[in-house]
file input_2.pdb (PDB, C-alpha atoms, pLDDT in the B column)
MODEL        1
ATOM      1  CA  MET A   1    -203.191  24.750  35.089  1.00 38.00           C
ATOM      2  CA  ALA A   2    -200.741  22.092  33.891  1.00 50.00           C
ATOM      3  CA  GLU A   3    -197.835  23.063  31.691  1.00 63.00           C
ATOM      4  CA  ALA A   4    -197.808  21.911  28.071  1.00 69.00           C
ATOM      5  CA  PRO A   5    -195.695  18.780  27.515  1.00 83.00           C
ATOM      6  CA  TYR A   6    -192.088  19.330  26.553  1.00 91.00           C
ATOM      7  CA  VAL A   7    -188.894  17.391  25.936  1.00 92.00           C
ATOM      8  CA  LEU A   8    -185.776  18.355  27.883  1.00 96.00           C
ATOM      9  CA  VAL A   9    -182.228  18.006  26.527  1.00 96.00           C
ATOM     10  CA  VAL A  10    -179.527  18.370  29.171  1.00 97.00           C
ATOM     11  CA  ASP A  11    -176.070  18.742  27.635  1.00 97.00           C
ATOM     12  CA  ASP A  12    -173.283  21.330  27.848  1.00 96.00           C
ATOM     13  CA  ASP A  13    -172.271  21.022  24.173  1.00 95.00           C
ATOM     14  CA  GLU A  14    -174.024  23.755  22.162  1.00 95.00           C
ATOM     15  CA  ALA A  15    -173.214  22.177  18.778  1.00 94.00           C
ATOM     16  CA  TYR A  16    -174.597  18.843  19.952  1.00 92.00           C
ATOM     17  CA  ASN A  17    -177.746  20.554  21.250  1.00 94.00           C
ATOM     18  CA  TYR A  18    -178.262  22.219  17.876  1.00 94.00           C
ATOM     19  CA  LEU A  19    -177.906  18.867  16.072  1.00 92.00           C
ATOM     20  CA  THR A  20    -180.213  17.148  18.568  1.00 90.00           C
ATOM     21  CA  ASP A  21    -182.808  19.862  18.015  1.00 90.00           C
ATOM     22  CA  ARG A  22    -182.618  19.291  14.244  1.00 90.00           C
ATOM     23  CA  ILE A  23    -182.782  15.489  14.546  1.00 89.00           C
ATOM     24  CA  LEU A  24    -185.761  15.573  16.919  1.00 87.00           C
ATOM     25  CA  LYS A  25    -187.660  18.006  14.722  1.00 86.00           C
ATOM     26  CA  ARG A  26    -186.913  15.909  11.616  1.00 86.00           C
ATOM     27  CA  SER A  27    -188.221  12.930  13.531  1.00 83.00           C
ATOM     28  CA  GLY A  28    -191.509  14.735  14.005  1.00 82.00           C
ATOM     29  CA  LEU A  29    -191.155  16.180  17.503  1.00 79.00           C
ATOM     30  CA  SER A  30    -194.460  17.959  18.059  1.00 80.00           C
ATOM     31  CA  VAL A  31    -193.939  19.404  21.537  1.00 82.00           C
ATOM     32  CA  GLU A  32    -191.638  22.136  22.764  1.00 90.00           C
ATOM     33  CA  LEU A  33    -187.952  21.339  23.163  1.00 92.00           C
ATOM     34  CA  LYS A  34    -186.176  22.925  26.121  1.00 96.00           C
ATOM     35  CA  ILE A  35    -182.405  22.830  26.492  1.00 97.00           C
ATOM     36  CA  ALA A  36    -180.412  23.010  29.722  1.00 97.00           C
ATOM     37  CA  MET A  37    -176.626  23.357  29.614  1.00 97.00           C
ATOM     38  CA  ASP A  38    -176.090  21.500  32.903  1.00 97.00           C
ATOM     39  CA  GLY A  39    -177.938  19.753  35.678  1.00 96.00           C
ATOM     40  CA  LEU A  40    -178.563  22.961  37.615  1.00 96.00           C
ATOM     41  CA  GLU A  41    -180.294  24.564  34.608  1.00 97.00           C
ATOM     42  CA  ALA A  42    -182.292  21.337  34.195  1.00 96.00           C
ATOM     43  CA  ARG A  43    -183.475  21.525  37.816  1.00 95.00           C
ATOM     44  CA  GLU A  44    -184.520  25.145  37.302  1.00 95.00           C
ATOM     45  CA  CYS A  45    -186.380  24.215  34.114  1.00 96.00           C
ATOM     46  CA  ILE A  46    -188.216  21.373  35.871  1.00 94.00           C
ATOM     47  CA  ARG A  47    -189.012  23.647  38.834  1.00 92.00           C
ATOM     48  CA  ASP A  48    -190.391  26.333  36.504  1.00 93.00           C
ATOM     49  CA  HIS A  49    -192.217  24.111  33.988  1.00 93.00           C
ATOM     50  CA  GLY A  50    -192.902  20.827  35.758  1.00 92.00           C
ATOM     51  CA  ALA A  51    -191.625  17.409  34.727  1.00 92.00           C
ATOM     52  CA  PRO A  52    -190.891  16.937  31.017  1.00 93.00           C
ATOM     53  CA  ALA A  53    -192.565  14.253  28.915  1.00 89.00           C
ATOM     54  CA  PHE A  54    -189.080  12.768  28.671  1.00 89.00           C
ATOM     55  CA  ALA A  55    -185.452  13.895  28.816  1.00 95.00           C
ATOM     56  CA  PHE A  56    -182.176  13.257  27.049  1.00 95.00           C
ATOM     57  CA  LEU A  57    -179.344  13.540  29.569  1.00 97.00           C
ATOM     58  CA  ASP A  58    -175.573  13.736  29.215  1.00 96.00           C
ATOM     59  CA  LEU A  59    -173.518  12.457  32.133  1.00 96.00           C
ATOM     60  CA  ARG A  60    -170.405  14.629  31.942  1.00 93.00           C
ATOM     61  CA  MET A  61    -171.191  18.320  32.458  1.00 93.00           C
ATOM     62  CA  PRO A  62    -169.882  21.155  34.616  1.00 91.00           C
ATOM     63  CA  VAL A  63    -171.752  22.635  37.581  1.00 91.00           C
ATOM     64  CA  LEU A  64    -174.070  19.625  38.156  1.00 94.00           C
ATOM     65  CA  ASP A  65    -173.372  16.451  36.185  1.00 95.00           C
ATOM     66  CA  GLY A  66    -175.898  13.901  34.974  1.00 96.00           C
ATOM     67  CA  PHE A  67    -175.378  11.443  37.819  1.00 96.00           C
ATOM     68  CA  SER A  68    -175.823  14.184  40.422  1.00 97.00           C
ATOM     69  CA  LEU A  69    -178.975  15.363  38.673  1.00 96.00           C
ATOM     70  CA  LEU A  70    -180.395  11.827  38.658  1.00 96.00           C
ATOM     71  CA  GLU A  71    -179.609  11.474  42.376  1.00 96.00           C
ATOM     72  CA  GLN A  72    -181.295  14.778  43.211  1.00 94.00           C
ATOM     73  CA  LEU A  73    -184.358  13.988  41.109  1.00 92.00           C
ATOM     74  CA  ALA A  74    -184.696  10.617  42.845  1.00 92.00           C
ATOM     75  CA  GLU A  75    -184.955  12.463  46.174  1.00 92.00           C
ATOM     76  CA  GLU A  76    -187.784  14.722  44.937  1.00 86.00           C
ATOM     77  CA  GLU A  77    -190.878  12.914  46.234  1.00 80.00           C
ATOM     78  CA  HIS A  78    -193.340  15.450  44.796  1.00 82.00           C
ATOM     79  CA  LEU A  79    -191.915  15.208  41.272  1.00 82.00           C
ATOM     80  CA  PRO A  80    -193.563  12.647  38.989  1.00 84.00           C
ATOM     81  CA  ASP A  81    -191.200  10.201  37.315  1.00 86.00           C
ATOM     82  CA  PHE A  82    -190.425  10.827  33.673  1.00 91.00           C
ATOM     83  CA  PRO A  83    -188.380   8.678  31.286  1.00 91.00           C
ATOM     84  CA  VAL A  84    -184.729   9.642  30.869  1.00 95.00           C
ATOM     85  CA  VAL A  85    -182.566   8.524  27.966  1.00 94.00           C
ATOM     86  CA  VAL A  86    -178.888   8.931  28.791  1.00 96.00           C
ATOM     87  CA  VAL A  87    -177.051  10.112  25.663  1.00 94.00           C
ATOM     88  CA  THR A  88    -173.356  10.357  26.400  1.00 92.00           C
ATOM     89  CA  SER A  89    -169.893   9.941  24.957  1.00 91.00           C
ATOM     90  CA  SER A  90    -168.940   7.696  27.881  1.00 90.00           C
ATOM     91  CA  THR A  91    -168.288   4.134  26.786  1.00 89.00           C
ATOM     92  CA  LEU A  92    -167.414   2.941  30.295  1.00 93.00           C
ATOM     93  CA  ASP A  93    -169.334  -0.129  31.421  1.00 95.00           C
ATOM     94  CA  GLU A  94    -169.383   1.312  34.961  1.00 96.00           C
ATOM     95  CA  ASP A  95    -171.155   4.462  33.758  1.00 95.00           C
ATOM     96  CA  ARG A  96    -173.723   2.426  31.839  1.00 96.00           C
ATOM     97  CA  ALA A  97    -174.397   0.158  34.833  1.00 97.00           C
ATOM     98  CA  ARG A  98    -174.613   3.079  37.269  1.00 96.00           C
ATOM     99  CA  ALA A  99    -176.975   5.063  35.026  1.00 96.00           C
ATOM    100  CA  LEU A 100    -179.278   2.102  34.456  1.00 96.00           C
ATOM    101  CA  GLU A 101    -179.618   1.633  38.241  1.00 96.00           C
ATOM    102  CA  PHE A 102    -181.877   4.699  38.300  1.00 95.00           C
ATOM    103  CA  PRO A 103    -185.468   3.582  37.680  1.00 93.00           C
ATOM    104  CA  VAL A 104    -186.207   6.611  35.473  1.00 93.00           C
ATOM    105  CA  VAL A 105    -183.374   5.785  33.050  1.00 95.00           C
ATOM    106  CA  VAL A 106    -185.001   3.821  30.245  1.00 92.00           C
ATOM    107  CA  ASP A 107    -182.019   3.622  27.893  1.00 92.00           C
ATOM    108  CA  TYR A 108    -178.316   4.413  27.546  1.00 95.00           C
ATOM    109  CA  VAL A 109    -177.202   5.606  24.113  1.00 92.00           C
ATOM    110  CA  GLU A 110    -173.718   6.561  22.988  1.00 91.00           C
ATOM    111  CA  LYS A 111    -173.366   9.895  21.199  1.00 90.00           C
ATOM    112  CA  PRO A 112    -174.215  11.030  18.691  1.00 86.00           C
ATOM    113  CA  LEU A 113    -177.992  10.743  18.684  1.00 87.00           C
ATOM    114  CA  THR A 114    -179.086   9.959  15.136  1.00 87.00           C
ATOM    115  CA  ASN A 115    -182.332   9.898  13.162  1.00 86.00           C
ATOM    116  CA  ASP A 116    -182.264   6.095  13.315  1.00 88.00           C
ATOM    117  CA  GLY A 117    -181.563   6.257  17.039  1.00 85.00           C
ATOM    118  CA  VAL A 118    -184.632   8.420  17.624  1.00 85.00           C
ATOM    119  CA  ARG A 119    -186.745   6.060  15.506  1.00 82.00           C
ATOM    120  CA  ASP A 120    -185.443   3.106  17.538  1.00 84.00           C
ATOM    121  CA  LEU A 121    -186.322   4.889  20.796  1.00 82.00           C
ATOM    122  CA  ARG A 122    -189.824   5.643  19.512  1.00 77.00           C
ATOM    123  CA  ASP A 123    -190.295   2.001  18.534  1.00 79.00           C
ATOM    124  CA  LYS A 124    -188.873   0.745  21.819  1.00 78.00           C
ATOM    125  CA  PHE A 125    -190.795   3.150  24.053  1.00 72.00           C
ATOM    126  CA  LEU A 126    -194.228   3.688  22.597  1.00 63.00           C
ATOM    127  CA  SER A 127    -195.014   6.008  25.512  1.00 64.00           C
ATOM    128  CA  LEU A 128    -192.752   8.602  23.853  1.00 66.00           C
ATOM    129  CA  ASN A 129    -194.845   8.692  20.690  1.00 64.00           C
ATOM    130  CA  HIS A 130    -197.293  11.269  22.060  1.00 67.00           C
ATOM    131  CA  CYS A 131    -194.469  13.813  21.647  1.00 71.00           C
ATOM    132  CA  PHE A 132    -194.049  13.111  17.954  1.00 71.00           C
ATOM    133  CA  GLY A 133    -196.179  13.803  14.915  1.00 66.00           C
ATOM    134  CA  ALA A 134    -195.218  12.810  11.410  1.00 54.00           C
ATOM    135  CA  GLU A 135    -191.576  12.586  10.413  1.00 55.00           C
ATOM    136  CA  THR A 136    -190.312  15.231   8.023  1.00 53.00           C
ATOM    137  CA  ASN A 137    -187.776  14.906   5.254  1.00 50.00           C
ATOM    138  CA  PRO A 138    -184.237  16.158   5.960  1.00 49.00           C
TER     139      PRO A 138
ENDMDL
END

call {"tool": "encode", "arguments": {"input": "input_2.pdb", "output": "structure tokens"}}
result
Amino acid sequence: MAEAPYVLVVDDDEAYNYLTDRILKRSGLSVELKIAMDGLEARECIRDHGAPAFAFLDLRMPVLDGFSLLEQLAEEEHLPDFPVVVVTSSTLDEDRARALEFPVVVDYVEKPLTNDGVRDLRDKFLSLNHCFGAETNP
């Protein structure tokens, strides 16, 4: 039996994860949100629950960073591709270029993720809309 769809947030900042949870729910997120504090927790989550509908990924984390996670996921032949939105505080052009080299990375967004940013992503990537219902008021 297939797992229910979910959205994965991979970031080591607990306050940011709380705000992201609130923003996504206000934007009408209608599937489960799972949070991993680093790339290793993300791998465990994907192993236990299957590929997410999409993921928000930070690049700079302890244990296993975002780039290392992307490299490991690219080597997993049995894992279906899923869209990844990199959401990071890195403003380095090299980081942006390197992240966008991965075929699963569909966008690169500088922190913080905002309500308008989520709306823009939904408009830009209609395939994400199946994870959202109606928007709610703040």

call {"tool": "residues_around", "arguments": {"input": "input_2.pdb", "residues": "stretch 8-11 of chain A", "least_positions_apart": "6", "cutoff": "7 Å", "atoms": "all atoms listed in the file", "output": "PDB file with C-alpha atoms, in the frame of the given file"}}
result
ATOM      1  CA  ASN A  17    -177.746  20.554  21.250  1.00 94.00           C
ATOM      2  CA  LEU A  33    -187.952  21.339  23.163  1.00 92.00           C
ATOM      3  CA  LYS A  34    -186.176  22.925  26.121  1.00 96.00           C
ATOM      4  CA  ILE A  35    -182.405  22.830  26.492  1.00 97.00           C
ATOM      5  CA  ALA A  36    -180.412  23.010  29.722  1.00 97.00           C
ATOM      6  CA  MET A  37    -176.626  23.357  29.614  1.00 97.00           C
ATOM      7  CA  ASP A  38    -176.090  21.500  32.903  1.00 97.00           C
ATOM      8  CA  GLY A  39    -177.938  19.753  35.678  1.00 96.00           C
ATOM      9  CA  ALA A  42    -182.292  21.337  34.195  1.00 96.00           C
ATOM     10  CA  PRO A  52    -190.891  16.937  31.017  1.00 93.00           C
ATOM     11  CA  PHE A  54    -189.080  12.768  28.671  1.00 89.00           C
ATOM     12  CA  ALA A  55    -185.452  13.895  28.816  1.00 95.00           C
ATOM     13  CA  PHE A  56    -182.176  13.257  27.049  1.00 95.00           C
ATOM     14  CA  LEU A  57    -179.344  13.540  29.569  1.00 97.00           C
ATOM     15  CA  ASP A  58    -175.573  13.736  29.215  1.00 96.00           C
ATOM     16  CA  MET A  61    -171.191  18.320  32.458  1.00 93.00           C
TER      17      MET A  61
END

call {"tool": "closest_residue", "arguments": {"input": "input_2.pdb", "among": "A:Glu44, A:Tyr6, A:Arg119, A:Asp95", "to": "A:Leu64", "atoms": "all atoms listed in the file"}}
result
A:Glu44

call {"tool": "closest_residue", "arguments": {"input": "input_2.pdb", "among": "A:Thr91, A:Val84, A:Glu110, A:Tyr16", "to": "A:Phe125", "atoms": "all atoms listed in the file"}}
result
A:Val84

call {"tool": "closest_residue", "arguments": {"input": "input_2.pdb", "among": "A:Tyr108, A:Val7, A:Lys124, A:Arg47", "to": "A:Arg96", "atoms": "only C-alpha atoms"}}
result
A:Tyr108

call {"tool": "residues_around", "arguments": {"input": "input_2.pdb", "residues": "A:Ala51", "least_positions_apart": "6", "cutoff": "7 Å", "atoms": "all atoms listed in the file", "output": "ChimeraX atom specification"}}
result
/A:79-80,82

call {"tool": "closest_residue", "arguments": {"input": "input_2.pdb", "among": "A:Asp93, A:Asp21, A:Asp48, A:Glu14", "to": "A:Thr114", "atoms": "only C-alpha atoms"}}
result
A:Asp21

call {"tool": "closest_residue", "arguments": {"input": "input_2.pdb", "among": "A:Arg60, A:Val118, A:Glu32, A:Val105", "to": "A:Ser90", "atoms": "only C-alpha atoms"}}
result
A:Arg60

call {"tool": "atom_distance", "arguments": {"input": "input_2.pdb", "atom1": "atom CA of A:Ser89", "atom2": "atom CA of A:Val109"}}
result
8.5 Å

call {"tool": "atom_distance", "arguments": {"input": "input_2.pdb", "atom1": "atom CA of A:Asp13", "atom2": "atom CA of A:Asp81"}}
result
25.5 Å

call {"tool": "axis_aligned_box", "arguments": {"input": "input_2.pdb", "around": "stretch 64-70 of chain A", "padding_each_side": "5 Å", "output": "AutoDock Vina command-line options"}}
result
--center_x -176.9 --center_y 15.5 --center_z 37.7 --size_x 17.0 --size_y 18.2 --size_z 15.4

call {"tool": "closest_residue", "arguments": {"input": "input_2.pdb", "among": "A:Gly117, A:Pro83, A:Gly66, A:Pro112", "to": "A:Ala99", "atoms": "all atoms listed in the file"}}
result
A:Gly66

call {"tool": "residues_around", "arguments": {"input": "input_2.pdb", "residues": "A:Arg43", "least_positions_apart": "6", "cutoff": "9 Å", "atoms": "all atoms listed in the file", "output": "PyMOL selection string"}}
result
chain A and resi 36+69+72-73
